[in-house]
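Asker: This structure is in C-alpha cells; I'll ask about it shortly.
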Amino acid sequence: MANQTMDILSMVLEQSAKLVEEKVDAHLSKLNEMDEDDLDRLKEKRLEALKKAQKQKQEWLTKGHGEYREIASEKDFFSEVKESKNVVCHFYKNSTFRCKILDKHLAILAKKHVETKFIKLDVEKAPFLTDRLRIKVIPTLALLLDGKTKDYVVGFSDLGNTDEFPTEMLEWRLGCADVINYSGNLMEPPTMGQRSGTKFTKVEKKTIRGGTYDSDSDSGDD
C-alpha cells in the first residue's frame, strides 16, 4: 500500500514538473519569436506599469499611508476612513500594556504595506465610536474596507494567545481580512518559534458589520 502511494506521488510530481517545463519552454519560444518592435512595446508596457504603481504609491503617501499615526478625535476617524480604501485602526488605552505591543508591530507593517492606512485612536477620546462599534476589549483592531468595518482583531486570541507573537502573525491575520496585500499562505498562520503549548485560532475570511459585533470579555487591561 505504501509503495503504491509513493508511486502515485511520484507520478503526480513528474506530471507537475512536465507542465512547468512546458510553460517555461512556451514562454521562451514566444520571446525568441519577438522582433525588436515587439520587445520595445513590451518594455514600454512595463515602464507604464511601473509609472502607474509609483503614482499610486505617491497618492497613498499623500493620504497618510506609509506611517503609523495617531488621530486626535472621532471626527478625524471618519475623514481618514473616507479617503482610503484599506484602513487598520487600533483602538487603545495608554494604561493597557498590550496596546504598546501592538504599536510596535503596526509601525513595522505600516511601512511595509503602503496600500493600507494604519492609525490609532484613544478610546477615551472616542466614546460614541467605541459604543457604536461595540468595542469592549482593549486592544482591538478595526479592519475597514471602503469605509465599512469588515472584521476585528480582538486582543491577541487570533495571534497565538501570547504577548510574544511575531509581526508575521499579525500580518497574516490582516491578510485573512483582505485589508492588506498578503503574499503568503492564508490557509495556515506562519510558523512561530514558540513553545509547543502556544495555541492558534484559525481564521476564516468573514464579514462582521459594526452593528453586530459584541463581546462579553473584560477590558483586557491586566
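Letters A, B, ... go to the chains of the C-alpha cells in the order shown; residues in each chain start at 1; ligands are counted from 1 in the same order.
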What lies within 7 Å of range 179-185 of chain A using only C-alpha atoms, ignoring chain neighbours under 2 positions off, as a list of chain:residue names?

Answerer: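 Counting only the stated atoms, we get A:Asn86, A:Val87, A:His113, A:Glu115, A:Thr116, A:Leu143, A:Leu145, A:Leu174, A:Gly175, A:Ala177, A:Met187, A:Glu188.
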
Asker: Would you put the residues from that selection into a file with N, CA, C and O atoms, as an mmCIF file, in the first residue's frame?

Answerer:
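selection.cif, written as the output of this step:
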data_model
loop_
_atom_site.group_PDB
_atom_site.id
_atom_site.type_symbol
_atom_site.label_atom_id
_atom_site.label_comp_id
_atom_site.auth_asym_id
_atom_site.auth_seq_id
_atom_site.Cartn_x
_atom_site.Cartn_y
_atom_site.Cartn_z
ATOM 1 N N ASN A 86 -8.356 50.875 2.256
ATOM 2 C CA ASN A 86 -7.978 49.913 3.298
ATOM 3 C C ASN A 86 -7.479 50.653 4.540
ATOM 4 O O ASN A 86 -6.541 51.455 4.449
ATOM 5 N N VAL A 87 -8.090 50.379 5.673
ATOM 6 C CA VAL A 87 -7.696 51.053 6.917
ATOM 7 C C VAL A 87 -7.649 50.054 8.070
ATOM 8 O O VAL A 87 -8.546 49.230 8.233
ATOM 9 N N HIS A 113 3.339 47.867 4.170
ATOM 10 C CA HIS A 113 2.103 47.802 3.385
ATOM 11 C C HIS A 113 1.550 49.220 3.181
ATOM 12 O O HIS A 113 0.594 49.641 3.850
ATOM 13 N N GLU A 115 -0.160 50.246 0.871
ATOM 14 C CA GLU A 115 -1.512 50.232 0.301
ATOM 15 C C GLU A 115 -2.591 50.388 1.367
ATOM 16 O O GLU A 115 -3.763 50.599 1.044
ATOM 17 N N THR A 116 -2.201 50.291 2.633
ATOM 18 C CA THR A 116 -3.156 50.341 3.740
ATOM 19 C C THR A 116 -2.807 51.477 4.694
ATOM 20 O O THR A 116 -1.642 51.726 4.972
ATOM 21 N N LEU A 143 -10.813 46.613 11.221
ATOM 22 C CA LEU A 143 -10.296 46.469 9.857
ATOM 23 C C LEU A 143 -11.379 46.913 8.892
ATOM 24 O O LEU A 143 -12.452 46.312 8.835
ATOM 25 N N LEU A 145 -12.783 48.259 5.028
ATOM 26 C CA LEU A 145 -12.665 48.264 3.572
ATOM 27 C C LEU A 145 -13.761 49.149 2.996
ATOM 28 O O LEU A 145 -14.938 48.967 3.330
ATOM 29 N N LEU A 174 -4.141 40.100 9.206
ATOM 30 C CA LEU A 174 -4.682 41.198 8.404
ATOM 31 C C LEU A 174 -4.910 40.745 6.965
ATOM 32 O O LEU A 174 -5.858 41.181 6.309
ATOM 33 N N GLY A 175 -4.039 39.863 6.486
ATOM 34 C CA GLY A 175 -4.208 39.306 5.148
ATOM 35 C C GLY A 175 -5.484 38.495 5.031
ATOM 36 O O GLY A 175 -6.148 38.498 3.985
ATOM 37 N N ALA A 177 -8.218 39.139 6.299
ATOM 38 C CA ALA A 177 -9.338 40.070 6.168
ATOM 39 C C ALA A 177 -9.266 40.877 4.879
ATOM 40 O O ALA A 177 -10.114 41.748 4.643
ATOM 41 N N MET A 187 -4.039 29.967 4.238
ATOM 42 C CA MET A 187 -4.675 28.790 4.817
ATOM 43 C C MET A 187 -4.134 28.440 6.198
ATOM 44 O O MET A 187 -4.823 27.849 7.014
ATOM 45 N N GLU A 188 -2.883 28.796 6.460
ATOM 46 C CA GLU A 188 -2.267 28.491 7.750
ATOM 47 C C GLU A 188 -1.470 29.687 8.248
ATOM 48 O O GLU A 188 -0.855 30.389 7.453
#

Asker: Extract, using only C-alpha atoms, all DNA, RNA and protein residues at most 12 Å from Thr62 in chain A, discarding same-chain residues fewer than 6 positions from it, and format them as a list in words.

Answerer: Lys55, Gln56, Glu80, Glu83, Ser84, Val114, Glu115 and Lys117 of chain A

Asker: Write out as CSV the residues of range 72-114 of chain A that have any atom within 12 Å of an atom of range 126-132 of chain A, one row each with the nearest atom pair and its distance in Å to one decimal, counting only C-alpha atoms, sorted by chain and then rising number.

Answerer:
residue,atom,partner,partner_atom,distance
A:Ala72,CA,A:Ala126,CA,9.2
A:Ser73,CA,A:Ala126,CA,6.5
A:Glu74,CA,A:Ala126,CA,5.4
A:Lys75,CA,A:Ala126,CA,9.1
A:Asp76,CA,A:Ala126,CA,10.4
A:Phe77,CA,A:Leu129,CA,9.0
A:Phe78,CA,A:Leu129,CA,9.7
A:Cys89,CA,A:Thr130,CA,11.6
A:His90,CA,A:Thr130,CA,11.3
A:Phe91,CA,A:Thr130,CA,8.2
A:Tyr92,CA,A:Ala126,CA,10.3
A:Lys93,CA,A:Ala126,CA,11.0

Asker: What parts of range 16-157 of chain A does DSSP call strand (DSSP E or B)? I'd like the answer as a count of residues only.

Answerer: 29

Asker: Between A:Ser157, A:Lys120, A:Tyr152, A:Glu164, single out the one closest to Cys176 in chain A, counting only C-alpha atoms.

Answerer: A:Tyr152

Asker: What does the structure give for the distance between CA of Gln54 in chain A and CA of Lys112 in chain A, in Å to one decimal?

Answerer: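 Computing it gives 14.9 Å between the two atoms.
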
Asker: Could you state the separation of CA of Phe97 in chain A and CA of His65 in chain A in Å, given to one decimal place?

Answerer: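 It comes out at 25.4 Å.
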
Asker: Any idea what the distance is between CA of His105 in chain A and CA of Leu61 in chain A?

Answerer: 19.5 Å

Asker: DSSP on the backbone, helix (DSSP H, G or I) only: what residues of range 42-207 of chain A does that give? Format it as a compact mmCIF listing (two decimals) with N, CA, C and O atoms, in the first residue's frame.

Answerer:
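To be explicit, this is the file written out as part_38.txt:
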# COMPACT_ATOMS: atom_id res chain seq x y z
N LEU A 42 6.95 45.77 -25.32
CA LEU A 42 6.93 45.09 -24.03
C LEU A 42 7.60 45.96 -22.96
O LEU A 42 7.08 46.10 -21.84
N LYS A 43 8.75 46.55 -23.32
CA LYS A 43 9.46 47.43 -22.38
C LYS A 43 8.61 48.65 -22.04
O LYS A 43 8.54 49.08 -20.89
N GLU A 44 7.94 49.20 -23.06
CA GLU A 44 7.10 50.38 -22.84
C GLU A 44 5.92 50.05 -21.93
O GLU A 44 5.54 50.84 -21.06
N LYS A 45 5.35 48.87 -22.13
CA LYS A 45 4.23 48.44 -21.30
C LYS A 45 4.64 48.27 -19.84
O LYS A 45 3.92 48.68 -18.92
N ARG A 46 5.81 47.68 -19.64
CA ARG A 46 6.31 47.50 -18.27
C ARG A 46 6.65 48.84 -17.62
O ARG A 46 6.44 49.05 -16.43
N LEU A 47 7.21 49.76 -18.42
CA LEU A 47 7.55 51.08 -17.90
C LEU A 47 6.29 51.83 -17.48
O LEU A 47 6.27 52.48 -16.43
N GLU A 48 5.23 51.70 -18.25
CA GLU A 48 3.96 52.33 -17.92
C GLU A 48 3.40 51.76 -16.62
O GLU A 48 2.84 52.48 -15.79
N ALA A 49 3.54 50.45 -16.47
CA ALA A 49 3.04 49.79 -15.25
C ALA A 49 3.81 50.29 -14.03
O ALA A 49 3.22 50.53 -12.96
N LEU A 50 5.13 50.46 -14.18
CA LEU A 50 5.96 50.97 -13.08
C LEU A 50 5.57 52.41 -12.73
O LEU A 50 5.49 52.77 -11.55
N LYS A 51 5.34 53.22 -13.76
CA LYS A 51 4.94 54.61 -13.53
C LYS A 51 3.59 54.68 -12.82
O LYS A 51 3.40 55.49 -11.91
N LYS A 52 2.67 53.81 -13.23
CA LYS A 52 1.35 53.77 -12.61
C LYS A 52 1.44 53.36 -11.14
O LYS A 52 0.76 53.93 -10.28
N ALA A 53 2.28 52.36 -10.87
CA ALA A 53 2.46 51.88 -9.49
C ALA A 53 3.08 52.97 -8.63
O ALA A 53 2.71 53.16 -7.47
N GLN A 54 4.05 53.70 -9.19
CA GLN A 54 4.71 54.78 -8.45
C GLN A 54 3.73 55.92 -8.16
O GLN A 54 3.73 56.50 -7.07
N LYS A 55 2.88 56.22 -9.14
CA LYS A 55 1.88 57.27 -8.95
C LYS A 55 0.89 56.88 -7.86
O LYS A 55 0.51 57.70 -7.02
N GLN A 56 0.47 55.60 -7.87
CA GLN A 56 -0.47 55.11 -6.86
C GLN A 56 0.16 55.19 -5.47
O GLN A 56 -0.49 55.61 -4.50
N LYS A 57 1.43 54.82 -5.38
CA LYS A 57 2.13 54.88 -4.10
C LYS A 57 2.21 56.31 -3.58
O LYS A 57 2.01 56.57 -2.39
N GLN A 58 2.48 57.25 -4.47
CA GLN A 58 2.56 58.65 -4.08
C GLN A 58 1.22 59.17 -3.58
O GLN A 58 1.16 59.94 -2.61
N GLU A 59 0.14 58.73 -4.22
CA GLU A 59 -1.20 59.12 -3.78
C GLU A 59 -1.48 58.59 -2.37
O GLU A 59 -2.07 59.28 -1.54
N TRP A 60 -1.06 57.35 -2.13
CA TRP A 60 -1.24 56.77 -0.78
C TRP A 60 -0.47 57.57 0.26
O TRP A 60 -1.00 57.86 1.34
N LEU A 61 0.76 57.93 -0.07
CA LEU A 61 1.60 58.66 0.88
C LEU A 61 1.00 60.02 1.22
O LEU A 61 1.06 60.47 2.37
N THR A 62 0.41 60.69 0.23
CA THR A 62 -0.20 62.00 0.49
C THR A 62 -1.44 61.88 1.39
O THR A 62 -1.85 62.86 2.01
N GLU A 74 -12.80 61.40 17.09
CA GLU A 74 -13.75 60.61 16.31
C GLU A 74 -14.00 61.25 14.95
O GLU A 74 -14.11 60.56 13.93
N LYS A 75 -14.05 62.57 14.91
CA LYS A 75 -14.26 63.29 13.65
C LYS A 75 -13.14 62.96 12.67
O LYS A 75 -13.39 62.75 11.48
N ASP A 76 -11.91 62.91 13.16
CA ASP A 76 -10.77 62.57 12.31
C ASP A 76 -10.89 61.15 11.78
O ASP A 76 -10.49 60.86 10.65
N PHE A 77 -11.41 60.26 12.61
CA PHE A 77 -11.56 58.86 12.19
C PHE A 77 -12.40 58.76 10.93
O PHE A 77 -12.03 58.09 9.96
N PHE A 78 -13.54 59.42 10.90
CA PHE A 78 -14.44 59.33 9.76
C PHE A 78 -13.81 59.91 8.50
O PHE A 78 -13.97 59.37 7.40
N SER A 79 -13.07 61.01 8.63
CA SER A 79 -12.44 61.61 7.46
C SER A 79 -11.28 60.75 6.95
O SER A 79 -11.08 60.61 5.74
N GLU A 80 -10.53 60.14 7.87
CA GLU A 80 -9.41 59.28 7.48
C GLU A 80 -9.91 58.03 6.76
O GLU A 80 -9.36 57.61 5.74
N VAL A 81 -10.97 57.44 7.27
CA VAL A 81 -11.53 56.22 6.69
C VAL A 81 -12.17 56.50 5.33
O VAL A 81 -12.08 55.68 4.41
N LYS A 82 -12.76 57.67 5.20
CA LYS A 82 -13.46 58.02 3.97
C LYS A 82 -12.53 58.11 2.77
O LYS A 82 -12.90 57.74 1.65
N PHE A 97 -0.96 47.60 28.61
CA PHE A 97 0.37 47.20 28.15
C PHE A 97 0.35 46.58 26.76
O PHE A 97 1.23 46.84 25.94
N ARG A 98 -0.65 45.76 26.49
CA ARG A 98 -0.70 45.07 25.19
C ARG A 98 -0.90 46.02 24.01
O ARG A 98 -0.58 45.68 22.88
N CYS A 99 -1.42 47.19 24.27
CA CYS A 99 -1.55 48.18 23.20
C CYS A 99 -0.17 48.61 22.73
O CYS A 99 0.05 48.85 21.53
N LYS A 100 0.78 48.70 23.65
CA LYS A 100 2.15 49.10 23.28
C LYS A 100 2.82 47.99 22.46
O LYS A 100 3.65 48.28 21.59
N ILE A 101 2.47 46.74 22.73
CA ILE A 101 2.99 45.63 21.93
C ILE A 101 2.48 45.75 20.49
O ILE A 101 3.24 45.62 19.53
N LEU A 102 1.19 46.02 20.35
CA LEU A 102 0.62 46.18 19.01
C LEU A 102 1.23 47.37 18.28
O LEU A 102 1.45 47.31 17.07
N ASP A 103 1.49 48.45 19.02
CA ASP A 103 2.09 49.64 18.41
C ASP A 103 3.37 49.29 17.66
O ASP A 103 3.60 49.75 16.54
N LYS A 104 4.19 48.46 18.27
CA LYS A 104 5.48 48.09 17.68
C LYS A 104 5.27 47.35 16.36
O LYS A 104 5.93 47.68 15.36
N HIS A 105 4.36 46.40 16.33
CA HIS A 105 4.12 45.62 15.11
C HIS A 105 3.43 46.46 14.02
O HIS A 105 3.76 46.34 12.84
N LEU A 106 2.50 47.30 14.42
CA LEU A 106 1.76 48.11 13.45
C LEU A 106 2.67 49.13 12.77
O LEU A 106 2.50 49.45 11.59
N ALA A 107 3.64 49.65 13.51
CA ALA A 107 4.60 50.61 12.94
C ALA A 107 5.41 49.95 11.83
O ALA A 107 5.71 50.57 10.79
N ILE A 108 5.77 48.68 12.02
CA ILE A 108 6.52 47.93 11.01
C ILE A 108 5.66 47.67 9.78
O ILE A 108 6.08 47.88 8.64
N LEU A 109 4.43 47.22 10.01
CA LEU A 109 3.55 46.87 8.89
C LEU A 109 3.10 48.11 8.10
O LEU A 109 2.86 48.02 6.89
N ALA A 110 2.99 49.25 8.76
CA ALA A 110 2.59 50.47 8.07
C ALA A 110 3.60 50.85 6.99
O ALA A 110 3.23 51.32 5.90
N LYS A 111 4.88 50.63 7.28
CA LYS A 111 5.92 50.94 6.30
C LYS A 111 5.97 49.90 5.19
O LYS A 111 6.27 50.22 4.04
N LYS A 112 5.66 48.66 5.54
CA LYS A 112 5.72 47.57 4.56
C LYS A 112 4.52 47.58 3.62
O LYS A 112 4.65 47.32 2.42
N VAL A 123 -9.47 55.27 23.02
CA VAL A 123 -10.90 55.01 23.25
C VAL A 123 -11.52 56.04 24.18
O VAL A 123 -12.73 56.31 24.11
N GLU A 124 -10.72 56.64 25.05
CA GLU A 124 -11.25 57.63 25.97
C GLU A 124 -11.64 58.93 25.25
O GLU A 124 -12.37 59.75 25.79
N LYS A 125 -11.13 59.10 24.04
CA LYS A 125 -11.48 60.27 23.23
C LYS A 125 -12.55 59.94 22.19
O LYS A 125 -12.92 60.80 21.40
N PRO A 127 -15.85 57.97 22.75
CA PRO A 127 -16.93 57.18 23.39
C PRO A 127 -18.05 56.80 22.44
O PRO A 127 -18.57 55.69 22.50
N PHE A 128 -18.44 57.70 21.55
CA PHE A 128 -19.51 57.41 20.60
C PHE A 128 -19.11 56.29 19.65
O PHE A 128 -19.87 55.35 19.41
N LEU A 129 -17.91 56.39 19.11
CA LEU A 129 -17.43 55.42 18.12
C LEU A 129 -17.23 54.05 18.74
O LEU A 129 -17.62 53.03 18.16
N THR A 130 -16.63 53.99 19.92
CA THR A 130 -16.41 52.69 20.56
C THR A 130 -17.74 52.03 20.95
O THR A 130 -17.87 50.81 20.92
N ASP A 131 -18.73 52.85 21.29
CA ASP A 131 -20.04 52.30 21.61
C ASP A 131 -20.73 51.81 20.34
O ASP A 131 -21.33 50.74 20.32
N ARG A 132 -20.60 52.58 19.27
CA ARG A 132 -21.22 52.21 18.00
C ARG A 132 -20.62 50.92 17.46
O ARG A 132 -21.35 50.06 16.92
N SER A 157 -6.15 36.82 20.77
CA SER A 157 -6.64 35.44 20.59
C SER A 157 -6.38 34.89 19.20
O SER A 157 -6.20 33.69 19.03
N ASP A 158 -6.37 35.77 18.19
CA ASP A 158 -6.10 35.32 16.81
C ASP A 158 -4.61 35.34 16.48
O ASP A 158 -4.22 35.02 15.36
N LEU A 159 -3.79 35.71 17.45
CA LEU A 159 -2.36 35.90 17.21
C LEU A 159 -1.50 34.91 17.98
O LEU A 159 -0.31 35.13 18.18
N THR A 167 5.64 39.73 14.16
CA THR A 167 4.93 40.65 13.26
C THR A 167 4.26 39.89 12.13
O THR A 167 3.17 40.25 11.68
N GLU A 168 4.90 38.80 11.69
CA GLU A 168 4.35 38.00 10.59
C GLU A 168 2.99 37.40 10.94
O GLU A 168 2.15 37.20 10.05
N MET A 169 2.77 37.13 12.21
CA MET A 169 1.48 36.57 12.63
C MET A 169 0.36 37.61 12.46
O MET A 169 -0.72 37.32 11.93
N LEU A 170 0.64 38.84 12.87
CA LEU A 170 -0.34 39.91 12.69
C LEU A 170 -0.54 40.22 11.21
O LEU A 170 -1.67 40.45 10.76
N GLU A 171 0.53 40.17 10.45
CA GLU A 171 0.45 40.41 9.01
C GLU A 171 -0.46 39.37 8.35
O GLU A 171 -1.31 39.70 7.52
N TRP A 172 -0.29 38.11 8.74
CA TRP A 172 -1.14 37.04 8.22
C TRP A 172 -2.60 37.28 8.58
O TRP A 172 -3.50 37.12 7.74
N ARG A 173 -2.85 37.69 9.82
CA ARG A 173 -4.23 37.92 10.28
C ARG A 173 -4.89 39.04 9.48
O ARG A 173 -6.07 38.94 9.10
N LEU A 174 -4.14 40.10 9.21
CA LEU A 174 -4.68 41.20 8.40
C LEU A 174 -4.91 40.74 6.96
O LEU A 174 -5.86 41.18 6.31
N GLY A 175 -4.04 39.86 6.49
CA GLY A 175 -4.21 39.31 5.15
C GLY A 175 -5.48 38.49 5.03
O GLY A 175 -6.15 38.50 3.99
N CYS A 176 -5.85 37.79 6.09
CA CYS A 176 -7.08 37.00 6.09
C CYS A 176 -8.32 37.88 5.90
O CYS A 176 -9.35 37.42 5.40
